[in-house]
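Just coords_17.txt here, compact mmCIF, C-alpha atoms:
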```
# COMPACT_ATOMS: atom_id res chain seq x y z
CA MET J 709 140.11 101.87 99.90
CA ARG J 710 137.85 102.30 102.93
CA ILE J 711 134.40 103.78 103.50
CA THR J 712 134.97 107.04 105.32
CA ASP J 713 131.69 108.95 105.30
CA TYR J 714 128.05 108.98 104.28
CA GLU J 715 125.19 111.47 103.98
CA LEU J 716 121.44 111.12 103.60
CA PHE J 717 119.18 113.55 101.74
CA GLU J 718 115.39 113.65 101.94
CA VAL J 719 114.28 115.26 98.68
CA PRO J 720 110.96 115.91 96.96
CA PRO J 721 108.68 114.48 95.94
CA ARG J 722 109.18 111.54 98.37
CA TRP J 723 112.68 110.16 97.97
CA LEU J 724 115.72 109.48 100.17
CA PHE J 725 119.20 109.54 98.62
CA LEU J 726 122.35 108.08 100.19
CA LYS J 727 125.85 109.31 99.35
CA VAL J 728 128.75 107.05 100.40
CA THR J 729 132.33 108.36 100.19
CA THR J 730 135.56 106.34 100.26
CA SER J 731 139.10 107.17 101.34
CA ASP J 732 140.22 107.85 97.77
CA GLY J 733 137.29 110.22 97.11
CA THR J 734 135.11 107.81 95.14
CA VAL J 735 131.41 108.46 95.69
CA GLY J 736 128.55 105.98 95.38
CA TRP J 737 124.85 106.80 95.41
CA GLY J 738 121.89 104.74 96.60
CA GLU J 739 118.17 105.29 97.04
CA PRO J 740 116.97 103.65 100.28
CA VAL J 741 113.37 104.58 100.91
CA VAL J 742 109.95 103.30 101.80
CA GLU J 743 107.54 105.80 100.32
CA GLY J 744 106.00 107.69 103.24
CA ARG J 745 108.49 106.25 105.73
CA ALA J 746 111.67 108.08 104.72
CA LYS J 747 112.58 109.08 108.27
CA THR J 748 112.21 105.52 109.52
CA VAL J 749 114.42 104.12 106.77
CA ARG J 750 116.91 106.93 107.31
CA THR J 751 117.46 105.71 110.87
CA ALA J 752 117.88 102.13 109.66
CA VAL J 753 120.52 103.24 107.13
CA GLU J 754 122.39 105.12 109.84
CA GLU J 755 122.46 101.99 112.00
CA LEU J 756 123.77 99.88 109.12
CA MET J 757 126.43 102.37 108.10
CA ASP J 758 127.64 103.01 111.64
CA ASN J 759 127.61 99.36 112.73
CA TYR J 760 128.80 97.55 109.61
CA LEU J 761 130.21 99.80 106.91
CA LEU J 762 132.26 102.74 108.14
CA GLY J 763 135.95 101.93 107.93
CA GLU J 764 135.37 98.84 105.78
CA ASP J 765 136.52 97.98 102.25
CA PRO J 766 133.51 98.74 100.01
CA SER J 767 134.40 96.06 97.48
CA ALA J 768 133.24 93.08 99.60
CA ILE J 769 129.61 93.63 98.60
CA GLU J 770 128.30 90.11 99.14
CA ASP J 771 129.89 89.90 102.58
CA HIS J 772 128.50 93.30 103.53
CA TRP J 773 125.05 92.25 102.34
CA GLN J 774 125.17 89.07 104.42
CA ALA J 775 126.36 90.97 107.48
CA MET J 776 123.64 93.60 107.18
CA TYR J 777 120.95 90.97 106.65
CA ARG J 778 122.07 88.14 108.92
CA GLY J 779 123.82 90.31 111.50
CA GLY J 780 120.46 91.18 113.02
CA PHE J 781 118.43 88.45 114.70
CA TYR J 782 115.28 90.05 113.23
CA ARG J 783 115.49 90.36 109.48
CA GLY J 784 113.48 91.11 106.34
CA GLY J 785 110.55 93.47 105.95
CA PRO J 786 110.23 96.78 104.11
CA VAL J 787 112.29 99.03 106.38
CA LEU J 788 115.39 96.88 106.84
CA MET J 789 115.44 95.57 103.28
CA SER J 790 115.02 99.08 101.85
CA ALA J 791 117.89 100.32 104.00
CA ILE J 792 120.06 97.42 102.81
CA ALA J 793 118.96 98.11 99.22
CA GLY J 794 120.18 101.70 99.24
CA VAL J 795 123.52 100.79 100.80
CA ASP J 796 123.94 97.96 98.29
CA GLN J 797 123.24 100.27 95.35
CA ALA J 798 125.88 102.72 96.57
CA LEU J 799 128.46 99.94 96.99
CA TRP J 800 127.88 98.71 93.44
CA ASP J 801 128.14 102.29 92.18
CA ILE J 802 131.53 102.57 93.89
CA LYS J 803 132.73 99.24 92.55
CA GLY J 804 131.75 100.10 88.98
CA LYS J 805 133.55 103.44 89.22
CA ARG J 806 136.61 101.71 90.67
CA PHE J 807 136.83 99.43 87.63
CA GLY J 808 135.55 101.97 85.10
CA ALA J 809 132.65 99.75 84.05
CA PRO J 810 128.86 99.68 84.27
CA VAL J 811 127.55 97.44 87.03
CA TYR J 812 126.00 95.07 84.49
CA GLU J 813 129.47 94.32 83.10
CA LEU J 814 130.54 93.21 86.59
CA LEU J 815 127.45 90.97 86.81
CA GLY J 816 128.24 88.97 83.69
CA GLY J 817 127.69 91.44 80.89
CA LYS J 818 124.64 92.59 78.98
CA ALA J 819 121.93 90.26 77.73
CA ARG J 820 120.32 93.03 75.62
CA ASN J 821 121.16 96.41 74.10
CA ARG J 822 118.15 98.33 75.43
CA VAL J 823 115.31 97.94 77.90
CA ARG J 824 111.63 98.39 77.15
CA VAL J 825 109.83 100.77 79.52
CA TYR J 826 106.20 101.52 80.24
CA GLN J 827 104.48 104.79 81.06
CA TRP J 828 101.85 105.46 83.72
CA ILE J 829 98.57 106.97 82.47
CA GLY J 830 96.17 106.68 85.40
CA GLY J 831 96.49 107.86 88.99
CA ASP J 832 94.91 106.57 92.16
CA ARG J 833 91.45 107.55 90.95
CA PRO J 834 91.92 107.27 87.17
CA ARG J 835 89.77 109.51 85.01
CA ASP J 836 90.58 110.46 81.41
CA VAL J 837 92.83 107.52 80.75
CA GLY J 838 91.87 107.27 77.07
CA GLY J 839 93.21 110.73 76.28
CA ALA J 840 96.31 110.18 78.41
CA ALA J 841 96.99 106.87 76.67
CA ARG J 842 96.78 108.42 73.22
CA GLU J 843 99.15 111.19 74.25
CA LYS J 844 101.79 108.80 75.62
CA VAL J 845 101.66 106.57 72.56
CA GLU J 846 102.16 109.64 70.38
CA GLU J 847 105.27 110.33 72.49
CA GLY J 848 106.63 106.92 71.48
CA PHE J 849 105.65 104.57 74.30
CA SER J 850 104.36 101.13 73.30
CA ALA J 851 103.38 99.99 76.80
CA LEU J 852 101.23 101.73 79.41
CA LYS J 853 100.01 101.07 82.92
CA MET J 854 96.91 102.23 84.73
CA ASN J 855 95.13 101.60 88.00
CA ALA J 856 92.05 99.43 87.66
CA THR J 857 89.85 100.96 90.34
CA PRO J 858 89.65 103.53 93.11
CA GLU J 859 88.74 102.14 96.54
CA ILE J 860 86.45 99.15 96.14
CA ARG J 861 84.33 97.25 98.63
CA PRO J 862 85.08 93.58 99.40
CA VAL J 863 81.92 92.64 97.47
CA ASP J 864 80.97 95.59 95.30
CA ASN J 865 78.12 96.24 92.90
CA PRO J 866 78.07 95.59 89.14
CA ARG J 867 78.67 99.26 88.41
CA ALA J 868 82.11 99.12 90.04
CA VAL J 869 83.05 96.39 87.56
CA GLU J 870 81.48 98.28 84.67
CA GLU J 871 83.51 101.40 85.49
CA ALA J 872 86.76 99.40 85.48
CA VAL J 873 85.80 97.89 82.13
CA ASP J 874 84.88 101.30 80.72
CA ARG J 875 88.35 102.65 81.61
CA ILE J 876 90.37 99.89 79.99
CA ALA J 877 88.00 99.82 77.01
CA ALA J 878 88.65 103.53 76.47
CA VAL J 879 92.40 102.93 76.55
CA ARG J 880 92.24 99.96 74.18
CA GLU J 881 90.08 101.93 71.77
CA ALA J 882 92.49 104.87 71.94
CA VAL J 883 95.70 102.93 71.31
CA GLY J 884 94.72 99.80 69.39
CA SER J 885 96.00 96.25 69.72
CA GLU J 886 99.72 96.88 69.25
CA VAL J 887 100.12 98.67 72.60
CA ASP J 888 100.41 96.75 75.87
CA ILE J 889 98.30 97.81 78.85
CA GLY J 890 99.24 96.78 82.37
CA VAL J 891 96.39 96.98 84.88
CA ASP J 892 97.32 97.55 88.52
CA PHE J 893 94.91 96.24 91.15
CA HIS J 894 97.27 97.70 93.80
CA GLY J 895 96.29 95.06 96.35
CA ARG J 896 93.06 96.96 96.94
CA VAL J 897 90.77 94.33 95.41
CA SER J 898 89.35 91.41 97.40
CA LYS J 899 89.53 87.82 96.18
CA PRO J 900 85.89 87.61 95.02
CA MET J 901 86.16 90.94 93.19
CA VAL J 902 89.42 89.85 91.52
CA ARG J 903 87.61 86.96 89.88
CA ARG J 904 84.80 89.19 88.64
CA LEU J 905 87.12 91.94 87.40
CA ALA J 906 89.54 89.59 85.67
CA ARG J 907 86.72 87.89 83.77
CA ALA J 908 85.32 91.26 82.69
CA LEU J 909 88.74 92.63 81.59
CA GLU J 910 89.83 89.59 79.58
CA PRO J 911 88.35 90.81 76.25
CA TYR J 912 90.73 93.79 76.37
CA ASP J 913 93.88 91.65 76.69
CA PRO J 914 95.83 93.38 79.46
CA MET J 915 99.58 92.80 79.49
CA PHE J 916 99.16 91.70 83.10
CA ILE J 917 97.10 92.18 86.24
CA GLU J 918 99.43 93.62 88.87
CA GLU J 919 99.13 92.77 92.57
CA PRO J 920 95.62 91.29 92.26
CA VAL J 921 95.66 90.60 95.99
CA LEU J 922 97.75 91.78 98.90
CA PRO J 923 100.97 89.81 99.47
CA GLU J 924 99.41 88.51 102.69
CA HIS J 925 97.10 86.53 100.40
CA ASN J 926 99.69 85.17 97.98
CA ASP J 927 98.33 81.70 98.73
CA ALA J 928 95.33 82.68 96.56
CA LEU J 929 97.42 83.59 93.50
CA ALA J 930 97.62 80.09 92.02
CA ASP J 931 93.83 79.80 91.96
CA ILE J 932 93.49 83.30 90.54
CA ARG J 933 96.03 82.51 87.82
CA ALA J 934 94.16 79.32 86.94
CA SER J 935 90.89 81.24 86.60
CA THR J 936 92.02 83.74 83.94
CA THR J 937 94.05 83.98 80.74
CA ILE J 938 95.50 87.33 81.82
CA PRO J 939 99.12 87.04 83.07
CA ILE J 940 99.51 87.62 86.81
CA ALA J 941 102.18 89.98 88.16
CA THR J 942 103.17 90.77 91.74
CA GLY J 943 106.14 91.49 93.96
CA GLU J 944 106.49 95.18 94.81
CA ARG J 945 105.77 94.41 98.48
CA MET J 946 108.01 91.34 98.65
CA TYR J 947 111.49 91.94 99.96
CA SER J 948 113.76 88.92 99.50
CA ARG J 949 114.22 85.70 97.57
CA TRP J 950 112.60 83.89 100.49
CA ASP J 951 109.42 85.92 100.01
CA PHE J 952 109.34 84.95 96.32
CA LYS J 953 110.14 81.28 96.84
CA GLU J 954 106.58 80.22 97.67
CA ILE J 955 104.96 81.85 94.63
CA PHE J 956 107.52 80.24 92.32
CA GLU J 957 106.97 76.82 93.84
CA SER J 958 103.17 77.13 93.64
CA ASN J 959 103.19 78.19 89.95
CA ALA J 960 101.28 81.31 90.96
CA VAL J 961 102.72 84.12 88.79
CA ASP J 962 103.86 84.98 85.29
CA VAL J 963 105.71 88.23 86.03
CA ILE J 964 107.49 89.32 89.21
CA GLN J 965 108.06 92.95 90.16
CA PRO J 966 110.72 93.24 92.86
CA ASP J 967 111.72 96.78 93.72
CA LEU J 968 115.47 97.55 93.65
CA SER J 969 115.00 100.04 96.51
CA HIS J 970 112.93 97.68 98.66
CA ALA J 971 114.08 94.13 97.91
CA GLY J 972 117.69 94.23 99.05
CA GLY J 973 119.18 96.15 96.14
CA ILE J 974 121.13 94.94 93.13
CA THR J 975 122.67 91.96 94.93
CA GLU J 976 119.34 90.48 95.99
CA VAL J 977 117.22 91.30 92.96
CA LYS J 978 119.78 89.74 90.62
CA LYS J 979 119.35 86.52 92.63
CA ILE J 980 115.55 86.82 92.57
CA ALA J 981 115.64 87.28 88.79
CA ALA J 982 117.79 84.16 88.40
CA MET J 983 115.34 82.18 90.53
CA ALA J 984 112.47 83.44 88.36
CA GLU J 985 114.23 82.38 85.18
CA SER J 986 114.33 78.78 86.36
CA TYR J 987 110.52 78.86 86.73
CA ASP J 988 109.94 80.55 83.33
CA VAL J 989 108.79 83.73 85.08
CA SER J 990 109.54 87.17 83.64
CA VAL J 991 110.86 90.17 85.58
CA ALA J 992 109.45 93.70 85.41
CA PRO J 993 111.04 95.62 88.27
CA HIS J 994 108.83 98.00 90.24
CA CYS J 995 110.14 101.59 90.25
CA PRO J 996 107.81 104.55 90.88
CA LEU J 997 110.86 106.22 92.43
CA GLY J 998 113.84 108.41 91.64
CA PRO J 999 116.82 108.30 89.27
CA ILE J 1000 119.13 106.19 91.45
CA ALA J 1001 116.51 103.47 91.85
CA LEU J 1002 115.82 103.50 88.11
CA ALA J 1003 119.51 103.36 87.24
CA SER J 1004 119.89 100.38 89.58
CA CYS J 1005 116.96 98.62 87.93
CA ILE J 1006 118.40 99.10 84.46
CA GLN J 1007 121.71 97.56 85.55
CA VAL J 1008 119.89 94.37 86.58
CA ASP J 1009 117.58 94.47 83.55
CA ALA J 1010 120.62 94.66 81.28
CA CYS J 1011 122.11 91.35 82.43
CA SER J 1012 118.92 89.36 83.23
CA PRO J 1013 117.71 87.28 80.28
CA ASN J 1014 114.13 87.15 81.59
CA THR J 1015 113.59 90.92 81.86
CA LEU J 1016 110.24 91.78 80.28
CA ILE J 1017 109.83 95.52 80.82
CA GLN J 1018 110.81 98.27 83.25
CA GLU J 1019 108.60 100.65 85.22
CA GLN J 1020 109.76 104.27 85.32
CA SER J 1021 108.19 107.25 87.03
CA LEU J 1022 108.64 110.14 84.60
CA ASP J 1023 105.48 112.27 84.83
CA ILE J 1024 103.87 109.86 87.30
CA HIS J 1025 101.11 111.40 89.40
CA TYR J 1026 103.25 111.36 92.57
CA ASN J 1027 105.93 113.60 91.06
CA GLU J 1028 104.14 116.91 91.42
CA THR J 1029 107.08 118.97 92.73
CA SER J 1030 110.17 117.21 91.34
CA ASP J 1031 110.74 114.57 88.70
CA VAL J 1032 113.30 111.90 87.86
CA LEU J 1033 115.44 113.97 85.52
CA ASP J 1034 115.69 116.98 87.83
CA TYR J 1035 118.44 115.39 89.94
CA LEU J 1036 120.70 114.33 87.06
CA ALA J 1037 123.64 116.29 85.70
CA ASP J 1038 122.97 114.65 82.31
CA PRO J 1039 119.27 113.78 81.89
CA SER J 1040 119.87 112.29 78.43
CA VAL J 1041 120.92 109.00 80.03
CA PHE J 1042 117.18 108.29 80.45
CA GLU J 1043 116.12 109.42 77.00
CA TYR J 1044 113.35 107.11 75.79
CA ARG J 1045 113.20 106.17 72.11
CA ASP J 1046 110.42 104.05 70.63
CA GLY J 1047 109.44 102.91 74.12
CA TYR J 1048 112.96 101.79 75.07
CA VAL J 1049 115.91 103.19 77.00
CA ASP J 1050 119.47 102.42 75.90
CA LEU J 1051 121.81 100.80 78.37
CA PRO J 1052 124.04 103.37 80.07
CA ASP J 1053 127.73 102.92 79.34
CA GLY J 1054 129.08 105.07 82.17
CA PRO J 1055 130.80 103.48 85.17
CA GLY J 1056 128.86 102.25 88.19
CA LEU J 1057 125.15 103.00 87.96
CA GLY J 1058 125.81 105.04 84.82
CA ILE J 1059 124.39 108.32 86.13
CA GLU J 1060 125.85 111.51 87.57
CA ILE J 1061 123.84 113.04 90.39
CA ASP J 1062 123.61 116.83 90.46
CA GLU J 1063 124.69 117.12 94.08
CA ASP J 1064 124.21 120.88 94.22
CA HIS J 1065 120.57 120.46 93.24
CA VAL J 1066 120.14 117.63 95.75
CA ARG J 1067 121.42 119.88 98.54
CA GLU J 1068 119.18 122.73 97.42
CA GLN J 1069 116.13 120.48 97.55
CA THR J 1070 116.92 118.72 100.83
CA GLY J 1071 114.50 119.17 103.73
CA GLY J 1072 110.84 119.89 104.19
CA VAL J 1073 109.68 116.60 102.66
CA ASP J 1074 106.74 115.00 104.46
CA TRP J 1075 104.99 112.76 101.94
CA HIS J 1076 102.54 110.14 103.22
CA ASN J 1077 100.03 108.16 101.23
CA PRO J 1078 96.42 109.12 101.88
CA VAL J 1079 94.12 107.10 104.09
CA TRP J 1080 91.07 106.14 102.07
CA ARG J 1081 87.72 105.23 103.59
CA HIS J 1082 84.63 103.45 102.34
CA ASP J 1083 81.18 105.03 102.42
CA ASP J 1084 80.58 103.62 105.91
CA GLY J 1085 83.76 105.22 107.29
CA SER J 1086 85.86 102.06 107.48
CA VAL J 1087 89.45 102.19 106.21
CA ALA J 1088 89.94 101.12 102.59
CA GLU J 1089 93.05 99.80 100.88
CA TRP J 1090 94.98 102.54 99.10
```

Show me the file's structure as structure tokens.
Amino acid sequence: MRITDYELFEVPPRWLFLKVTTSDGTVGWGEPVVEGRAKTVRTAVEELMDNYLLGEDPSAIEDHWQAMYRGGFYRGGPVLMSAIAGVDQALWDIKGKRFGAPVYELLGGKARNRVRVYQWIGGDRPRDVGGAAREKVEEGFSALKMNATPEIRPVDNPRAVEEAVDRIAAVREAVGSEVDIGVDFHGRVSKPMVRRLARALEPYDPMFIEEPVLPEHNDALADIRASTTIPIATGERMYSRWDFKEIFESNAVDVIQPDLSHAGGITEVKKIAAMAESYDVSVAPHCPLGPIALASCIQVDACSPNTLIQEQSLDIHYNETSDVLDYLADPSVFEYRDGYVDLPDGPGLGIEIDEDHVREQTGGVDWHNPVWRHDDGSVAEW
């Protein structure tokens, strides 16, 4: 078996799909994308496929990963690691189909029968989160996530804190104490405001505070964690086990959130999850993306003992034109029951992509995140 061809598809709302074909006709799918930088990652994937993969045996996944990563003098970062991630996902999909088994069976077998998922309720400028929370709990979800704030100044006024408290208080009142609420700071909150917000939110018992500071300031996480009883989560903008090493060693986090389409794919995130387990840190993979990314996450969740919960993007505010299930031949594989999704038992990633629909939707995608500004015109963190 040899890799003979590949294709890339930019599809709405903001995703990039990779199709890899082998000499015996087996097809593997991956999702290599940096949201808002699909064209850049597309070029990186083309370089990897043309330089390292075409004509090769797809089964040597670890060797291919090492070649793609270490074969370039400059390594790491969102673009390269996302390109590697998508290729890696496709190679695992091929291997699973070759052996007629889900990927998690090839990684040691399942550690659970189903995976808990959470549902987004608040967008970039959250408004009626109480009503949205009640609606999602009525649909069966037992865990929710919301943004804490819109843009916020480095040292903001008491009202900014009060508004954040009002939002989570409305959600807690709407859903009660048996529902978990993740609160995403999105890296848009400064260190002094993190301390003030965390103290104010503690009475509402969030499941975690996500990305309280930008990854450039991970050195502050240990102090932040020591200052609050709320669990600290981060990792969506960290791309390899070497990025995570420091926060493990400094006892800085409770939950890590590597992204299977950004952090080197299945091969790398399985290693990151194993590292986390040795530090008693849980894993909640980041995934506001498409069906291939989600399927890849669930394969790792299935065989990682320290999986806590899984993000999924059904009905997320970014998916205005297309949603996760639209690209699947059988959407029931992601049917959520009582806030969980069953492990897929199909080979490879366990999903069948509706290639005709992918081709119909390809082209014309130009999603970029907005540039926010403060009242004085300076650029704010989005």

What's around J:Met776 at 10 Å? Count all atoms listed in the file, leave out sequence neighbours fewer than 5 positions away in its own chain, and write the answer as JSON, numbers by chain. {"J": [755, 756, 757, 759, 760, 761, 770, 771, 783, 788, 789, 791, 792, 795, 796]}

Using only C-alpha atoms, which residues of stretch 929-1043 of chain J come within 6 Å of stretch 813-830 of chain J, and what is the closest atom pair for each, with the distance in Å to one decimal? Give it as a tab-separated table, sorted by chain and residue number.
```
residue	atom	partner	partner_atom	distance
J:Ala1010	CA	J:Lys818	CA	5.1
J:Cys1011	CA	J:Lys818	CA	4.5
J:Pro1013	CA	J:Ala819	CA	5.8
J:Ile1017	CA	J:Arg824	CA	5.0
J:Gln1018	CA	J:Val825	CA	4.6
J:Glu1019	CA	J:Tyr826	CA	5.6
```

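Between J:Trp1090 and the residues J:Asp892, J:Asp913, J:Glu754, J:Glu1043, the shortest atom-to-atom distance, using only C-alpha atoms, involves J:Asp892.
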
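Using all atoms listed in the file, the smallest distance between any of J:Ala1037, J:Gly763, J:Arg896, J:Tyr1044 and J:Leu1022 comes from J:Tyr1044.
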
May I have the residues within 12 Å of stretch 1069-1074 of chain J as an mmCIF file with C-alpha atoms, keeping the file's coordinate frame, using all atoms listed in the file and disregarding those fewer than 4 positions away in the same chain?
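Saved the output as selection-v9.cif:
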```cif
data_model
loop_
_atom_site.group_PDB
_atom_site.id
_atom_site.type_symbol
_atom_site.label_atom_id
_atom_site.label_comp_id
_atom_site.auth_asym_id
_atom_site.auth_seq_id
_atom_site.Cartn_x
_atom_site.Cartn_y
_atom_site.Cartn_z
ATOM 1 C CA GLU J 715 125.190 111.470 103.980
ATOM 2 C CA LEU J 716 121.440 111.120 103.600
ATOM 3 C CA PHE J 717 119.180 113.550 101.740
ATOM 4 C CA GLU J 718 115.390 113.650 101.940
ATOM 5 C CA VAL J 719 114.280 115.260 98.680
ATOM 6 C CA PRO J 720 110.960 115.910 96.960
ATOM 7 C CA PRO J 721 108.680 114.480 95.940
ATOM 8 C CA ARG J 722 109.180 111.540 98.370
ATOM 9 C CA TRP J 723 112.680 110.160 97.970
ATOM 10 C CA LEU J 724 115.720 109.480 100.170
ATOM 11 C CA PHE J 725 119.200 109.540 98.620
ATOM 12 C CA LEU J 726 122.350 108.080 100.190
ATOM 13 C CA GLU J 743 107.540 105.800 100.320
ATOM 14 C CA GLY J 744 106.000 107.690 103.240
ATOM 15 C CA ARG J 745 108.490 106.250 105.730
ATOM 16 C CA ALA J 746 111.670 108.080 104.720
ATOM 17 C CA LYS J 747 112.580 109.080 108.270
ATOM 18 C CA THR J 1029 107.080 118.970 92.730
ATOM 19 C CA SER J 1030 110.170 117.210 91.340
ATOM 20 C CA ASP J 1031 110.740 114.570 88.700
ATOM 21 C CA ASP J 1034 115.690 116.980 87.830
ATOM 22 C CA TYR J 1035 118.440 115.390 89.940
ATOM 23 C CA ASP J 1062 123.610 116.830 90.460
ATOM 24 C CA GLU J 1063 124.690 117.120 94.080
ATOM 25 C CA ASP J 1064 124.210 120.880 94.220
ATOM 26 C CA HIS J 1065 120.570 120.460 93.240
#
```

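Across the structure, atom CA of J:Asp1046 and atom CA of J:Glu847 are spaced 8.3 Å apart.
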
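Rounded to one decimal, atom CA of J:Asp967 and atom CA of J:Arg861 lie 27.8 Å from each other.
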
At a cut-off of 10 Å, using all atoms listed in the file, what residues contact J:Ser731? Leave out same-chain residues fewer than 2 positions from it and give the result as an MDAnalysis selection string. chainID J and resid 709:713 729 733:735 763 765

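Distances to J:Val845 were evaluated for J:Asp951, J:Asp1050, J:Glu1089, J:Asp888 using all atoms listed in the file, and the minimum falls at J:Asp888.
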
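Among J:Leu909, J:His970, J:Asp1009, J:Glu859, the residue with the shortest atom-to-atom distance to J:Pro1078, counting only C-alpha atoms, is J:Glu859.
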
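Shortest atom-to-atom contact with J:Val787 among J:Ser767, J:Asn1077, J:Thr975, J:Thr751: J:Thr751, counting all atoms listed in the file.
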
Polymer residues at most 10 Å from J:Pro1039, all atoms listed in the file, same-chain spacing of 3 or more positions, as a ChimeraX atom specification: /J:999,1032-1036,1042-1043,1059-1061

What separation in Å, quoted to one decimal, exists between atom CA of J:Ile938 and atom CA of J:Leu997? 26.6 Å

Could you list, as a PDB file with C-alpha atoms, in the coordinates of the input, every residue within 7 Å of J:Val883, counting only C-alpha atoms and ignoring same-chain residues fewer than 4 positions away?
```pdb
ATOM      1  CA  ALA J 841      96.990 106.870  76.670  1.00  0.00           C
ATOM      2  CA  ARG J 842      96.780 108.420  73.220  1.00  0.00           C
ATOM      3  CA  VAL J 879      92.400 102.930  76.550  1.00  0.00           C
ATOM      4  CA  VAL J 887     100.120  98.670  72.600  1.00  0.00           C
TER       5      VAL J 887
END
```

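Distance check against J:Glu739 using only C-alpha atoms: of J:Ala840, J:Ala928, J:Ala793, J:Ala768, the minimum falls on J:Ala793.
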
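A distance cut-off of 10 Å around (107.8, 94.9, 95.5), counting only C-alpha atoms, selects these protein and nucleic acid residues: Pro786, Glu919, Pro923, Thr942, Gly943, Glu944, Arg945, Met946, Tyr947, Ser948, Ile964, Gln965, Pro966, Asp967, Leu968, Ser969, His970, Ala971, Pro993, His994 and Cys995 of chain J.
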
Dump as a Markdown table the rows for residues of stretch 786-854 of chain J within 12 Å of stretch 872-877 of chain J: closest atom pair and distance in Å with one decimal, all atoms listed in the file counted, ordered by chain and rising residue number.
```
| residue | atom | partner | partner_atom | distance |
| --- | --- | --- | --- | --- |
| J:Ile829 | CA | J:Ile876 | CA | 11.1 |
| J:Gly830 | CA | J:Arg875 | CA | 9.6 |
| J:Arg833 | CA | J:Ala872 | CA | 10.9 |
| J:Pro834 | CA | J:Arg875 | CA | 8.1 |
| J:Arg835 | CA | J:Arg875 | CA | 7.8 |
| J:Asp836 | CA | J:Arg875 | CA | 8.1 |
| J:Val837 | CA | J:Arg875 | CA | 6.7 |
| J:Gly838 | CA | J:Arg875 | CA | 7.4 |
| J:Gly839 | CA | J:Arg875 | CA | 10.8 |
| J:Ala840 | CA | J:Arg875 | CA | 11.4 |
| J:Ala841 | CA | J:Ile876 | CA | 10.2 |
| J:Leu852 | CA | J:Ile876 | CA | 11.0 |
| J:Lys853 | CA | J:Ile876 | CA | 10.1 |
| J:Met854 | CA | J:Ile876 | CA | 8.4 |
```
